[in-house]
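Student: start20.csv is reproduced in full below (CSV, C-alpha atoms and all ligand atoms).
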```csv
chain,number,residue,atom,x,y,z
P,1,MET,CA,17.0,-57.6,-48.2
P,2,LYS,CA,14.8,-55.1,-49.8
P,3,ASP,CA,14.6,-51.4,-48.8
P,4,ALA,CA,11.1,-50.8,-50.1
P,5,ALA,CA,8.2,-52.9,-48.7
P,6,TYR,CA,7.7,-56.3,-50.1
P,7,GLU,CA,4.7,-56.4,-52.4
P,8,ILE,CA,2.1,-59.1,-51.7
P,9,ALA,CA,-0.6,-59.5,-54.3
P,10,ILE,CA,-3.8,-61.1,-52.8
P,11,PHE,CA,-6.4,-62.8,-54.9
P,12,PRO,CA,-9.3,-63.9,-52.7
P,13,GLY,CA,-11.0,-65.6,-55.6
P,14,ASP,CA,-14.2,-67.6,-55.3
P,15,GLY,CA,-16.5,-69.2,-52.7
P,16,THR,CA,-14.8,-69.6,-49.3
P,17,GLY,CA,-11.5,-68.1,-50.7
P,18,PRO,CA,-12.4,-64.5,-49.6
P,19,GLU,CA,-13.5,-65.7,-46.1
P,20,VAL,CA,-10.3,-67.5,-45.4
P,21,LEU,CA,-8.1,-64.8,-46.9
P,22,ARG,CA,-9.8,-62.2,-44.7
P,23,GLU,CA,-8.5,-64.1,-41.7
P,24,GLY,CA,-5.1,-64.5,-43.4
P,25,GLU,CA,-5.0,-60.7,-43.7
P,26,LYS,CA,-6.1,-60.3,-40.1
P,27,VAL,CA,-3.2,-62.5,-39.0
P,28,LEU,CA,-0.8,-60.5,-41.2
P,29,GLY,CA,-2.1,-57.4,-39.5
P,30,ALA,CA,-1.5,-58.8,-36.0
P,31,LEU,CA,2.0,-59.8,-37.0
P,32,ALA,CA,2.7,-56.2,-38.1
P,33,GLU,CA,1.2,-54.6,-35.0
P,34,GLY,CA,3.2,-51.9,-33.1
P,35,GLY,CA,4.8,-50.9,-36.4
P,36,THR,CA,4.2,-52.0,-39.9
P,37,GLY,CA,5.5,-55.2,-41.3
P,38,PRO,CA,8.0,-54.8,-44.2
P,39,TRP,CA,5.3,-55.8,-46.6
P,40,ARG,CA,2.3,-54.2,-48.4
P,41,ALA,CA,-0.6,-56.4,-49.2
P,42,THR,CA,-3.1,-55.4,-52.0
P,43,GLU,CA,-6.2,-57.3,-53.0
P,44,TYR,CA,-7.2,-57.8,-56.6
P,45,PRO,CA,-10.5,-59.3,-57.9
P,46,GLY,CA,-10.7,-62.4,-60.1
P,47,GLY,CA,-12.0,-65.9,-60.5
P,48,GLY,CA,-15.0,-67.8,-61.7
P,49,GLN,CA,-17.6,-65.7,-60.0
P,50,TYR,CA,-15.9,-62.6,-61.2
P,51,PHE,CA,-16.0,-64.0,-64.7
P,52,GLN,CA,-19.7,-64.7,-64.4
P,53,ARG,CA,-20.3,-61.0,-63.4
P,54,THR,CA,-17.9,-59.3,-65.8
P,55,GLY,CA,-16.9,-61.7,-68.6
P,56,ARG,CA,-13.3,-61.4,-67.5
P,57,GLU,CA,-11.3,-63.8,-65.3
P,58,TRP,CA,-9.4,-60.8,-63.8
P,59,GLU,CA,-8.2,-57.3,-64.6
P,60,PRO,CA,-5.0,-56.2,-66.3
P,61,GLU,CA,-4.0,-54.5,-63.0
P,62,GLY,CA,-4.3,-57.8,-61.2
P,63,GLU,CA,-2.3,-59.7,-63.8
P,64,ALA,CA,0.4,-57.0,-63.8
P,65,ALA,CA,0.5,-57.1,-60.0
P,66,ALA,CA,0.9,-60.9,-60.0
P,67,HIS,CA,3.8,-60.6,-62.4
P,68,ARG,CA,5.4,-57.8,-60.4
P,69,ALA,CA,4.7,-58.9,-56.8
P,70,ASP,CA,7.3,-60.3,-54.5
P,71,ALA,CA,4.8,-63.0,-53.5
P,72,ILE,CA,1.2,-63.9,-54.3
P,73,LEU,CA,-1.5,-65.2,-51.9
P,74,LEU,CA,-4.4,-67.0,-53.6
P,75,GLY,CA,-7.7,-68.0,-51.9
P,76,ALA,CA,-9.4,-70.4,-54.3
P,77,VAL,CA,-10.8,-70.4,-57.7
P,78,GLY,CA,-13.6,-72.4,-59.3
P,79,TRP,CA,-17.4,-71.9,-59.2
P,80,PRO,CA,-20.2,-74.2,-60.4
P,81,GLY,CA,-21.2,-73.2,-63.9
P,82,ALA,CA,-18.3,-70.8,-64.4
P,83,THR,CA,-16.7,-72.1,-67.5
P,84,LEU,CA,-14.7,-70.5,-70.3
P,85,PRO,CA,-15.9,-70.8,-73.8
P,86,ASN,CA,-13.3,-73.5,-74.5
P,87,GLY,CA,-14.5,-75.6,-71.6
P,88,ASP,CA,-11.8,-74.7,-69.1
P,89,ILE,CA,-12.7,-73.6,-65.6
P,90,ALA,CA,-13.1,-69.8,-65.3
P,91,GLY,CA,-10.4,-68.6,-63.0
P,92,ARG,CA,-7.9,-70.9,-64.5
P,93,ALA,CA,-5.8,-67.8,-65.3
P,94,LEU,CA,-5.1,-67.3,-61.6
P,95,VAL,CA,-3.9,-70.7,-60.8
P,96,LEU,CA,-2.9,-72.9,-63.8
P,97,GLY,CA,-2.2,-69.7,-65.8
P,98,LEU,CA,0.2,-68.3,-63.2
P,99,ARG,CA,1.9,-71.6,-62.7
P,100,GLU,CA,2.7,-71.5,-66.5
P,101,SER,CA,3.4,-67.8,-67.0
P,102,LEU,CA,5.5,-67.4,-63.9
P,103,ASP,CA,7.1,-70.8,-64.3
P,104,LEU,CA,6.2,-71.9,-60.8
P,105,PHE,CA,7.7,-75.3,-61.2
P,106,ALA,CA,7.6,-76.8,-57.7
P,107,ASN,CA,4.4,-77.3,-55.8
P,108,VAL,CA,5.5,-77.7,-52.2
P,109,ARG,CA,2.9,-79.2,-49.8
P,110,PRO,CA,4.0,-79.7,-46.2
P,111,CYS,CA,2.0,-82.4,-44.4
P,112,ARG,CA,2.4,-82.2,-40.7
P,113,LEU,CA,-0.1,-83.2,-38.0
P,114,TYR,CA,0.0,-80.6,-35.2
P,115,PRO,CA,-0.6,-81.7,-31.6
P,116,GLY,CA,-4.3,-81.1,-30.8
P,117,VAL,CA,-5.5,-81.8,-34.4
P,118,LYS,CA,-7.4,-84.9,-35.2
P,119,HIS,CA,-6.4,-86.8,-38.3
P,120,ARG,CA,-9.2,-87.8,-40.6
P,121,ILE,CA,-9.0,-91.6,-40.6
P,122,SER,CA,-10.9,-93.7,-38.0
P,123,GLY,CA,-10.3,-97.3,-37.2
P,124,GLU,CA,-8.6,-99.7,-35.0
P,125,TYR,CA,-5.0,-98.7,-35.9
P,126,ARG,CA,-5.6,-95.0,-35.2
P,127,GLU,CA,-2.7,-94.7,-32.9
P,128,VAL,CA,-0.4,-95.1,-35.9
P,129,TRP,CA,-1.1,-91.5,-36.9
P,130,SER,CA,0.1,-89.1,-34.3
P,131,PRO,CA,1.9,-85.8,-34.4
P,132,LYS,CA,5.1,-87.8,-33.8
P,133,ASN,CA,4.9,-89.5,-37.1
P,134,VAL,CA,3.3,-87.2,-39.7
P,135,ASP,CA,5.9,-84.6,-40.8
P,136,LEU,CA,6.7,-84.8,-44.5
P,137,VAL,CA,6.7,-82.5,-47.5
P,138,ILE,CA,5.4,-83.5,-51.0
P,139,VAL,CA,7.1,-81.7,-53.8
P,140,ARG,CA,5.0,-82.0,-56.9
P,141,GLU,CA,6.1,-81.0,-60.4
P,142,ASN,CA,3.8,-78.1,-61.3
P,143,THR,CA,4.2,-77.2,-65.0
P,144,GLU,CA,4.1,-80.2,-67.2
P,145,ASP,CA,2.9,-83.9,-67.3
P,146,LEU,CA,-0.8,-84.2,-68.1
P,147,TYR,CA,-1.3,-80.6,-67.2
P,148,THR,CA,0.6,-79.3,-70.2
P,149,PRO,CA,-2.1,-78.1,-72.5
P,150,ALA,CA,-1.1,-80.6,-75.2
P,151,ARG,CA,-4.6,-82.0,-75.5
P,152,GLY,CA,-7.6,-81.9,-77.8
P,153,ARG,CA,-10.6,-83.6,-79.3
P,154,LEU,CA,-11.2,-85.2,-82.6
P,155,ARG,CA,-14.7,-84.3,-83.8
P,156,ARG,CA,-16.4,-85.8,-86.7
P,157,ALA,CA,-19.6,-84.2,-87.9
P,158,GLY,CA,-19.8,-82.3,-84.6
P,159,GLU,CA,-19.6,-85.4,-82.5
P,160,THR,CA,-16.5,-86.0,-80.2
P,161,GLU,CA,-14.9,-89.3,-81.2
P,162,VAL,CA,-11.6,-89.1,-79.4
P,163,ALA,CA,-10.2,-87.0,-76.5
P,164,VAL,CA,-6.5,-87.0,-76.0
P,165,ASP,CA,-4.3,-85.7,-73.2
P,166,THR,CA,-0.6,-85.9,-73.8
P,167,ARG,CA,1.8,-86.6,-70.9
P,168,ILE,CA,4.9,-84.6,-71.2
P,169,ILE,CA,8.0,-85.1,-69.0
P,170,THR,CA,11.0,-83.0,-69.9
P,171,ARG,CA,14.6,-83.2,-68.7
P,172,LYS,CA,14.5,-79.6,-67.5
P,173,GLY,CA,11.1,-80.0,-65.7
P,174,ALA,CA,12.1,-83.2,-64.0
P,175,GLU,CA,15.6,-82.1,-63.0
P,176,ARG,CA,14.7,-78.9,-61.4
P,177,VAL,CA,11.9,-80.2,-59.3
P,178,ILE,CA,14.0,-83.2,-58.1
P,179,ARG,CA,16.8,-80.9,-57.2
P,180,TYR,CA,14.4,-78.7,-55.3
P,181,ALA,CA,13.3,-81.8,-53.3
P,182,PHE,CA,16.9,-82.8,-52.5
P,183,GLU,CA,17.8,-79.2,-51.5
P,184,LEU,CA,14.7,-79.2,-49.2
P,185,ALA,CA,15.8,-82.5,-47.6
P,186,ARG,CA,19.2,-81.0,-47.0
P,187,ALA,CA,17.8,-77.8,-45.5
P,188,ARG,CA,15.1,-79.3,-43.3
P,189,ALA,CA,15.9,-79.5,-39.6
P,190,ARG,CA,14.8,-83.2,-39.3
P,191,GLY,CA,14.7,-86.3,-41.4
P,192,ALA,CA,11.9,-88.8,-41.4
P,193,PRO,CA,10.0,-89.0,-38.1
P,194,GLY,CA,10.4,-92.8,-37.9
P,195,ASP,CA,14.2,-93.1,-38.1
P,196,GLY,CA,15.5,-89.5,-38.4
P,197,VAL,CA,17.0,-90.4,-41.8
P,198,ARG,CA,17.1,-87.7,-44.5
P,199,ARG,CA,15.3,-89.3,-47.4
P,200,VAL,CA,13.8,-88.3,-50.7
P,201,THR,CA,11.2,-90.7,-52.1
P,202,CYS,CA,10.6,-90.7,-55.8
P,203,VAL,CA,6.9,-91.6,-56.5
P,204,ASP,CA,6.2,-92.8,-60.0
P,205,LYS,CA,5.0,-95.7,-62.1
P,206,ALA,CA,8.3,-96.5,-63.7
P,207,ASN,CA,7.3,-100.2,-64.0
P,208,VAL,CA,4.9,-99.1,-66.8
P,209,MET,CA,5.4,-95.6,-68.2
P,210,GLU,CA,8.2,-94.2,-70.2
P,211,GLY,CA,7.9,-90.7,-68.7
P,212,CYS,CA,8.2,-92.2,-65.3
P,213,ARG,CA,11.3,-94.2,-66.2
P,214,PHE,CA,12.8,-90.9,-67.5
P,215,PHE,CA,11.8,-89.2,-64.3
P,216,ARG,CA,13.4,-91.9,-62.2
P,217,GLU,CA,16.6,-91.8,-64.2
P,218,THR,CA,16.8,-88.1,-63.7
P,219,PHE,CA,16.1,-88.7,-60.0
P,220,ASP,CA,19.2,-91.0,-59.8
P,221,ARG,CA,21.3,-88.5,-61.7
P,222,VAL,CA,20.4,-85.6,-59.4
P,223,ALA,CA,20.7,-87.8,-56.3
P,224,ALA,CA,24.3,-88.5,-57.0
P,225,ASP,CA,25.0,-84.9,-56.0
P,226,TYR,CA,23.5,-85.6,-52.5
P,227,PRO,CA,25.3,-88.6,-51.2
P,228,GLU,CA,24.2,-87.8,-47.6
P,229,ILE,CA,20.5,-88.1,-48.4
P,230,GLU,CA,19.0,-91.5,-48.8
P,231,ARG,CA,17.2,-92.2,-52.1
P,232,ASP,CA,14.0,-94.1,-52.0
P,233,TYR,CA,11.5,-95.3,-54.6
P,234,ALA,CA,7.8,-96.1,-54.5
P,235,TYR,CA,5.4,-97.0,-57.2
P,236,VAL,CA,2.5,-94.7,-56.8
P,237,ASP,CA,-0.1,-97.4,-56.2
P,238,ALA,CA,2.0,-99.0,-53.4
P,239,PHE,CA,2.8,-95.5,-52.1
P,240,THR,CA,-0.8,-94.8,-51.3
P,241,GLN,CA,-0.8,-97.7,-48.9
P,242,TRP,CA,2.5,-97.0,-47.3
P,243,LEU,CA,1.7,-93.3,-46.8
P,244,VAL,CA,-1.5,-94.2,-44.9
P,245,ARG,CA,0.0,-97.1,-43.0
P,246,ASP,CA,3.5,-95.8,-42.2
P,247,PRO,CA,3.7,-92.0,-42.7
P,248,GLU,CA,6.7,-91.9,-40.4
P,249,ARG,CA,8.9,-93.4,-43.2
P,250,PHE,CA,8.5,-90.3,-45.3
P,251,ASN,CA,10.5,-87.1,-45.2
P,252,VAL,CA,10.5,-85.4,-48.6
P,253,VAL,CA,8.6,-87.0,-51.5
P,254,VAL,CA,8.9,-85.9,-55.1
P,255,ALA,CA,6.3,-86.7,-57.8
P,256,THR,CA,5.2,-85.7,-61.3
P,257,ASN,CA,2.3,-83.3,-61.6
P,258,MET,CA,-0.9,-85.5,-61.9
P,259,MET,CA,0.2,-88.2,-59.4
P,260,GLY,CA,1.4,-85.4,-57.1
P,261,ASP,CA,-2.0,-83.8,-57.3
P,262,ILE,CA,-3.7,-87.0,-56.1
P,263,ILE,CA,-1.2,-88.0,-53.4
P,264,THR,CA,-1.2,-84.5,-51.8
P,265,ASP,CA,-5.0,-84.7,-51.2
P,266,LEU,CA,-4.5,-88.2,-49.7
P,267,ALA,CA,-1.7,-86.9,-47.5
P,268,ALA,CA,-4.0,-84.0,-46.3
P,269,VAL,CA,-6.1,-86.6,-44.5
P,270,LEU,CA,-3.1,-87.4,-42.2
P,271,GLN,CA,-2.7,-83.8,-41.2
P,272,GLY,CA,-6.3,-83.2,-40.2
P,273,GLY,CA,-7.9,-82.8,-43.6
P,274,MET,CA,-7.8,-80.2,-46.3
P,275,GLY,CA,-8.5,-77.5,-43.7
P,276,PHE,CA,-4.8,-77.7,-42.8
P,277,ALA,CA,-3.3,-78.2,-46.2
P,278,SER,CA,-1.3,-75.3,-47.6
P,279,GLY,CA,0.8,-75.2,-50.7
P,280,GLY,CA,3.5,-73.0,-52.2
P,281,ASN,CA,3.8,-72.8,-56.0
P,282,ILE,CA,7.5,-71.9,-56.3
P,283,GLY,CA,9.6,-70.8,-59.2
P,284,ALA,CA,13.0,-69.3,-59.5
P,285,ALA,CA,11.8,-65.7,-59.3
P,286,HIS,CA,8.1,-65.9,-58.2
P,287,ALA,CA,5.9,-67.8,-55.8
P,288,MET,CA,2.3,-68.1,-55.0
P,289,PHE,CA,0.9,-69.6,-51.8
P,290,GLU,CA,-2.6,-71.0,-51.2
P,291,PRO,CA,-4.8,-73.0,-49.0
P,292,VAL,CA,-5.4,-76.0,-51.2
P,293,HIS,CA,-9.0,-76.8,-50.2
P,294,GLY,CA,-10.6,-74.9,-53.1
P,295,SER,CA,-13.6,-72.7,-53.1
P,296,ALA,CA,-16.0,-75.2,-51.3
P,297,PRO,CA,-19.2,-73.6,-52.8
P,298,LYS,CA,-21.4,-75.5,-50.3
P,299,TYR,CA,-19.8,-73.6,-47.4
P,300,ALA,CA,-19.5,-70.2,-49.1
P,301,GLY,CA,-20.7,-67.3,-47.0
P,302,LYS,CA,-21.3,-69.3,-43.9
P,303,ASN,CA,-18.2,-68.2,-41.9
P,304,GLN,CA,-17.7,-71.9,-41.2
P,305,VAL,CA,-14.7,-73.3,-43.0
P,306,ASN,CA,-11.3,-73.9,-41.4
P,307,PRO,CA,-8.9,-71.0,-42.0
P,308,PHE,CA,-5.7,-72.8,-40.7
P,309,ALA,CA,-4.6,-73.8,-44.2
P,310,THR,CA,-4.5,-70.1,-45.0
P,311,PHE,CA,-2.5,-69.3,-41.8
P,312,LEU,CA,-0.1,-72.0,-42.8
P,313,ALA,CA,0.1,-70.6,-46.3
P,314,VAL,CA,0.9,-67.1,-44.9
P,315,GLU,CA,3.6,-68.7,-42.8
P,316,GLN,CA,5.0,-70.6,-45.8
P,317,MET,CA,5.0,-67.3,-47.8
P,318,LEU,CA,6.8,-65.2,-45.2
P,319,ARG,CA,9.4,-67.9,-44.7
P,320,TRP,CA,10.0,-68.2,-48.5
P,321,LEU,CA,10.3,-64.5,-48.8
P,322,GLY,CA,12.6,-64.2,-45.8
P,323,GLU,CA,14.9,-66.9,-47.0
P,324,ARG,CA,15.0,-65.6,-50.6
P,325,HIS,CA,15.9,-62.1,-49.5
P,326,HIS,CA,17.9,-63.1,-46.4
P,327,ASP,CA,15.6,-60.9,-44.4
P,328,ALA,CA,15.1,-61.6,-40.7
P,329,ARG,CA,12.2,-59.1,-40.7
P,330,LEU,CA,10.2,-61.9,-42.5
P,331,ILE,CA,11.7,-65.0,-40.9
P,332,GLY,CA,10.9,-63.6,-37.4
P,333,PRO,CA,7.1,-63.2,-38.2
P,334,ALA,CA,7.1,-66.6,-39.9
P,335,ASP,CA,8.5,-68.2,-36.7
P,336,ARG,CA,6.0,-66.2,-34.5
P,337,LEU,CA,3.1,-67.3,-36.7
P,338,GLU,CA,4.1,-70.9,-36.6
P,339,ALA,CA,4.4,-70.8,-32.8
P,340,ALA,CA,1.0,-69.1,-32.5
P,341,ILE,CA,-0.7,-71.6,-34.8
P,342,ALA,CA,0.8,-74.5,-32.9
P,343,ARG,CA,-0.2,-73.0,-29.5
P,344,VAL,CA,-3.8,-72.4,-30.5
P,345,LEU,CA,-4.1,-75.9,-32.1
P,346,ARG,CA,-2.6,-77.6,-29.1
P,347,ASP,CA,-5.0,-76.0,-26.6
P,348,GLY,CA,-8.0,-77.1,-28.8
P,349,THR,CA,-9.9,-73.9,-28.5
P,350,ALA,CA,-10.0,-73.1,-32.2
P,351,ARG,CA,-11.8,-76.2,-33.5
P,352,THR,CA,-13.9,-75.5,-36.6
P,353,TYR,CA,-16.7,-77.8,-37.8
P,354,ASP,CA,-14.4,-80.2,-39.7
P,355,GLN,CA,-12.6,-80.9,-36.4
P,356,GLY,CA,-15.9,-81.5,-34.6
P,357,GLY,CA,-15.9,-78.0,-33.1
P,358,THR,CA,-18.1,-74.9,-33.3
P,359,VAL,CA,-15.6,-72.1,-33.8
P,360,THR,CA,-16.2,-70.0,-36.9
P,361,THR,CA,-13.8,-69.0,-39.6
P,362,SER,CA,-13.5,-65.5,-38.2
P,363,GLY,CA,-13.4,-66.8,-34.6
P,364,ALA,CA,-10.4,-69.0,-35.4
P,365,GLY,CA,-8.7,-65.9,-37.0
P,366,ASP,CA,-9.4,-63.9,-33.8
P,367,LEU,CA,-7.9,-66.6,-31.7
P,368,VAL,CA,-4.6,-66.7,-33.7
P,369,ALA,CA,-4.4,-62.9,-33.8
P,370,ALA,CA,-4.9,-62.8,-30.1
P,371,ALA,CA,-2.3,-65.5,-29.6
P,372,LEU,CA,0.1,-63.3,-31.6
P,373,ARG,CA,-0.7,-60.3,-29.4
P,374,SER,CA,-0.3,-62.1,-26.1
P,375,GLU,CA,3.0,-63.8,-26.9
P,376,ALA,CA,6.0,-63.0,-24.8
P,377,ARG,CA,8.2,-60.7,-26.8
K,401,LIG,C1,-4.5,-78.2,-56.8
K,401,LIG,C2,-5.8,-78.1,-57.5
K,401,LIG,C3,-5.6,-77.6,-58.9
K,401,LIG,C4,-4.8,-78.7,-59.6
K,401,LIG,C5,-6.9,-77.4,-59.6
K,401,LIG,C6,-7.7,-76.3,-58.9
K,401,LIG,C7,-6.7,-77.0,-61.1
K,401,LIG,O1,-6.4,-79.3,-57.4
K,401,LIG,O2,-3.8,-77.1,-56.7
K,401,LIG,O3,-4.1,-79.2,-56.3
K,401,LIG,O4,-5.3,-79.7,-60.2
K,401,LIG,O5,-3.5,-78.5,-59.6
K,402,MN,MN,-5.4,-80.8,-56.2
```
Could you rewrite the structure in this file as structure tokens?
Ligand code: IPM
Ligand code: MN
Tutor:
Amino acid sequence: MKDAAYEIAIFPGDGTGPEVLREGEKVLGALAEGGTGPWRATEYPGGGQYFQRTGREWEPEGEAAAHRADAILLGAVGWPGATLPNGDIAGRALVLGLRESLDLFANVRPCRLYPGVKHRISGEYREVWSPKNVDLVIVRENTEDLYTPARGRLRRAGETEVAVDTRIITRKGAERVIRYAFELARARARGAPGDGVRRVTCVDKANVMEGCRFFRETFDRVAADYPEIERDYAYVDAFTQWLVRDPERFNVVVATNMMGDIITDLAAVLQGGMGFASGGNIGAAHAMFEPVHGSAPKYAGKNQVNPFATFLAVEQMLRWLGERHHDARLIGPADRLEAAIARVLRDGTARTYDQGGTVTTSGAGDLVAAALRSEAR
């Protein structure tokens, strides 16, 4: 527990990022009402649009705050045409850059379908997806694999002839993220929704790739320390079918970076779409939380997008901070926020356009803030 206020560095970023983070801050404000919360949130500029205006991705103060803060909240980065001279997306510093420089090795993406939310798959087997059977967490390795900047082009006479990305899997990188997944399976209140079994599923392509074989070997080595947790394996191609068909089999899933990137977006469909997908980029000493939908340029400035992913990211952040510092002053608000989110979703009054409703981004924020104020204390 900390005596001074916890410092939260907020980077609204690009496009719809500032719109959803404004609602996130509204909800933080409602949580602190009648006293101040034990946190101090400060906004810093940065991202692709900022780069287009200033020629800089962010300012030294923002970068220093990110490195100093107890937790970081990120809106979204990326804007059409905003590209760094080397071809990378402008704003990379705030997401991929911080994952590297703060060593945020686990990307933790909860996937839960709340009562009252419609999943995003239609068809004759739609009863398969219900809040009863979608409650899993995907833990994605977040610092290596194809994301390691071990890449380049071979140019001859100014013409690109070859482009190479190198897939790097290290013992340290694999081991720590797999251990994170097993610890999470141990700590979670419930096992898989289908059978209640605590299970960690290793998603890979170990039938083909050396890096995946090594990842799986590491998985087996770490799993030996957790005899009470079932170990499970899925090749990534088959996993995509099983996830959609039988989500209730899954409890905690662990994957390498690139495959994890893909399967987490797929999983978001089962929780109502990207509008409900939050993620924590978690390291040993730092963490950054974000709605994972991105800047959605098409919707920017329309006060239309779904801010629930941001509310869930705020909840994930408060819980992480509270657990890390053994501080009930943060766990309490995380619980209250989770309950308020669930209540508002259940009664169906906060449906934004993606859920077939007409509620605006700020309207949804008002509803969650009001739910926090009206709760029985
Ligand atoms: C994510 C995003 C990022 C990634 C992009 C914005 C670089 O898709 O967090 O999943 O690929 O990791
Ligand atoms: Mn992604």
Student: Could you give me, as a Markdown table, every chain P residue with an atom at most 9 Å from ligand LIG 401 (chain K), plus its closest atom pair and distance in Å to one decimal, counting all atoms listed in the file, rows ordered by chain then number?
Tutor:
```
| residue | atom | partner | partner_atom | distance |
| --- | --- | --- | --- | --- |
| P:Ala76 | CA | K:LIG401 | C6 | 7.7 |
| P:Val77 | CA | K:LIG401 | C6 | 6.8 |
| P:Gly78 | CA | K:LIG401 | C6 | 7.1 |
| P:Ile89 | CA | K:LIG401 | C7 | 8.2 |
| P:Arg92 | CA | K:LIG401 | C7 | 7.1 |
| P:Val95 | CA | K:LIG401 | C7 | 6.9 |
| P:Leu96 | CA | K:LIG401 | C7 | 6.2 |
| P:Asn107 | CA | K:LIG401 | O2 | 8.3 |
| P:Asn142 | CA | K:LIG401 | O5 | 7.5 |
| P:Tyr147 | CA | K:LIG401 | O4 | 8.1 |
| P:Asn257 | CA | K:LIG401 | O5 | 7.8 |
| P:Met258 | CA | K:LIG401 | O4 | 7.5 |
| P:Gly260 | CA | K:LIG401 | O3 | 8.3 |
| P:Asp261 | CA | K:LIG401 | O3 | 5.2 |
| P:Ile262 | CA | K:LIG401 | O3 | 7.8 |
| P:Thr264 | CA | K:LIG401 | O3 | 7.5 |
| P:Asp265 | CA | K:LIG401 | O3 | 7.6 |
| P:Gly279 | CA | K:LIG401 | O2 | 7.8 |
| P:Asn281 | CA | K:LIG401 | O2 | 8.8 |
| P:Glu290 | CA | K:LIG401 | O2 | 8.3 |
| P:Pro291 | CA | K:LIG401 | O2 | 8.8 |
| P:Val292 | CA | K:LIG401 | O2 | 5.8 |
| P:His293 | CA | K:LIG401 | O1 | 8.1 |
| P:Gly294 | CA | K:LIG401 | C6 | 6.6 |
```
Student: How about saving the chosen residues, C-alpha atoms kept, as a PDB file, in the frame of the given file?
Tutor:
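part30.pdb was written with the following content:
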```
ATOM      1  CA  ALA P  76      -9.400 -70.400 -54.300  1.00  0.00           C
ATOM      2  CA  VAL P  77     -10.800 -70.400 -57.700  1.00  0.00           C
ATOM      3  CA  GLY P  78     -13.600 -72.400 -59.300  1.00  0.00           C
ATOM      4  CA  ILE P  89     -12.700 -73.600 -65.600  1.00  0.00           C
ATOM      5  CA  ARG P  92      -7.900 -70.900 -64.500  1.00  0.00           C
ATOM      6  CA  VAL P  95      -3.900 -70.700 -60.800  1.00  0.00           C
ATOM      7  CA  LEU P  96      -2.900 -72.900 -63.800  1.00  0.00           C
ATOM      8  CA  ASN P 107       4.400 -77.300 -55.800  1.00  0.00           C
ATOM      9  CA  ASN P 142       3.800 -78.100 -61.300  1.00  0.00           C
ATOM     10  CA  TYR P 147      -1.300 -80.600 -67.200  1.00  0.00           C
ATOM     11  CA  ASN P 257       2.300 -83.300 -61.600  1.00  0.00           C
ATOM     12  CA  MET P 258      -0.900 -85.500 -61.900  1.00  0.00           C
ATOM     13  CA  GLY P 260       1.400 -85.400 -57.100  1.00  0.00           C
ATOM     14  CA  ASP P 261      -2.000 -83.800 -57.300  1.00  0.00           C
ATOM     15  CA  ILE P 262      -3.700 -87.000 -56.100  1.00  0.00           C
ATOM     16  CA  THR P 264      -1.200 -84.500 -51.800  1.00  0.00           C
ATOM     17  CA  ASP P 265      -5.000 -84.700 -51.200  1.00  0.00           C
ATOM     18  CA  GLY P 279       0.800 -75.200 -50.700  1.00  0.00           C
ATOM     19  CA  ASN P 281       3.800 -72.800 -56.000  1.00  0.00           C
ATOM     20  CA  GLU P 290      -2.600 -71.000 -51.200  1.00  0.00           C
ATOM     21  CA  PRO P 291      -4.800 -73.000 -49.000  1.00  0.00           C
ATOM     22  CA  VAL P 292      -5.400 -76.000 -51.200  1.00  0.00           C
ATOM     23  CA  HIS P 293      -9.000 -76.800 -50.200  1.00  0.00           C
ATOM     24  CA  GLY P 294     -10.600 -74.900 -53.100  1.00  0.00           C
TER      25      GLY P 294
END
```
Student: At a cut-off of 12 Å around the point (-2.4, -51.4, -54.2) (file coordinates), what residues fall inside when counting all atoms listed in the file? I'd like the answer as an NGL selection string.
Tutor: :P and (6-10 or 39-45 or 61-62 or 64-66 or 68-69)
Student: Which polymer residues have any atom within 10 Å of an atom of Pro149 in chain P, counting all atoms listed in the file, with same-chain residues fewer than 5 positions away left out, as JSON, numbers by chain?
Tutor: {"P": [143, 144, 165, 166, 167, 168]}
Student: Leaving out Phe51 in chain P and any residue of its chain fewer than 5 positions from it, which residues lie within 12 Å of it when counting all atoms listed in the file, given as a ChimeraX atom specification?
Tutor: /P:13-14,45-46,56-59,77-85,89-94
Student: Which of these residues is nearest to ligand MN 402 (chain K), using only C-alpha atoms and all ligand atoms: P:Ala277, P:Val344, P:Val305, P:Leu367?
Tutor: P:Ala277
Student: So how many Å separate CA of Arg324 in chain P and CA of Ile282 in chain P, to one decimal?
Tutor: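 CA of Ile282 in chain P lies 11.3 Å from CA of Arg324 in chain P.
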Student: Quick one: pull the distance between CA of Val254 in chain P and CA of Val269 in chain P, Å, one decimal.
Tutor: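 Calculated distance between CA of Val254 in chain P and CA of Val269 in chain P is 18.4 Å.
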Student: Taking into account only C-alpha atoms, which residue in the set P:Leu270, P:Ala4, P:Ala300, P:Ala181 is nearest to Gly17 in chain P?
Tutor: P:Ala300
Student: Tell me which residues come within 12 Å of (0.0, -69.5, -43.5), as JSON, numbers by chain, counting only C-alpha atoms in the file's coordinates.
Tutor: {"P": [20, 21, 23, 24, 25, 26, 27, 28, 31, 73, 74, 75, 109, 110, 275, 276, 277, 278, 279, 280, 288, 289, 290, 291, 292, 307, 308, 309, 310, 311, 312, 313, 314, 315, 316, 317, 318, 319, 320, 333, 334, 335, 336, 337, 338, 339, 340, 341, 342, 365, 368]}
Student: Using only C-alpha atoms and all ligand atoms, pick whichever of P:Thr218, P:Ile263, P:Gly37, P:Asn133 has the shortest atom-to-atom distance to ligand MN 402 (chain K).
Tutor: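 So, comparing all the options, the nearest one is P:Ile263.
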Student: Counting only C-alpha atoms and all ligand atoms, which residue out of P:Met274, P:Ala32, P:Val359, P:Leu372 sits closest to ligand MN 402 (chain K)?
Tutor: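 Going through P:Met274, P:Ala32, P:Val359, P:Leu372 one by one, the smallest distance to ligand MN 402 (chain K) is for P:Met274.
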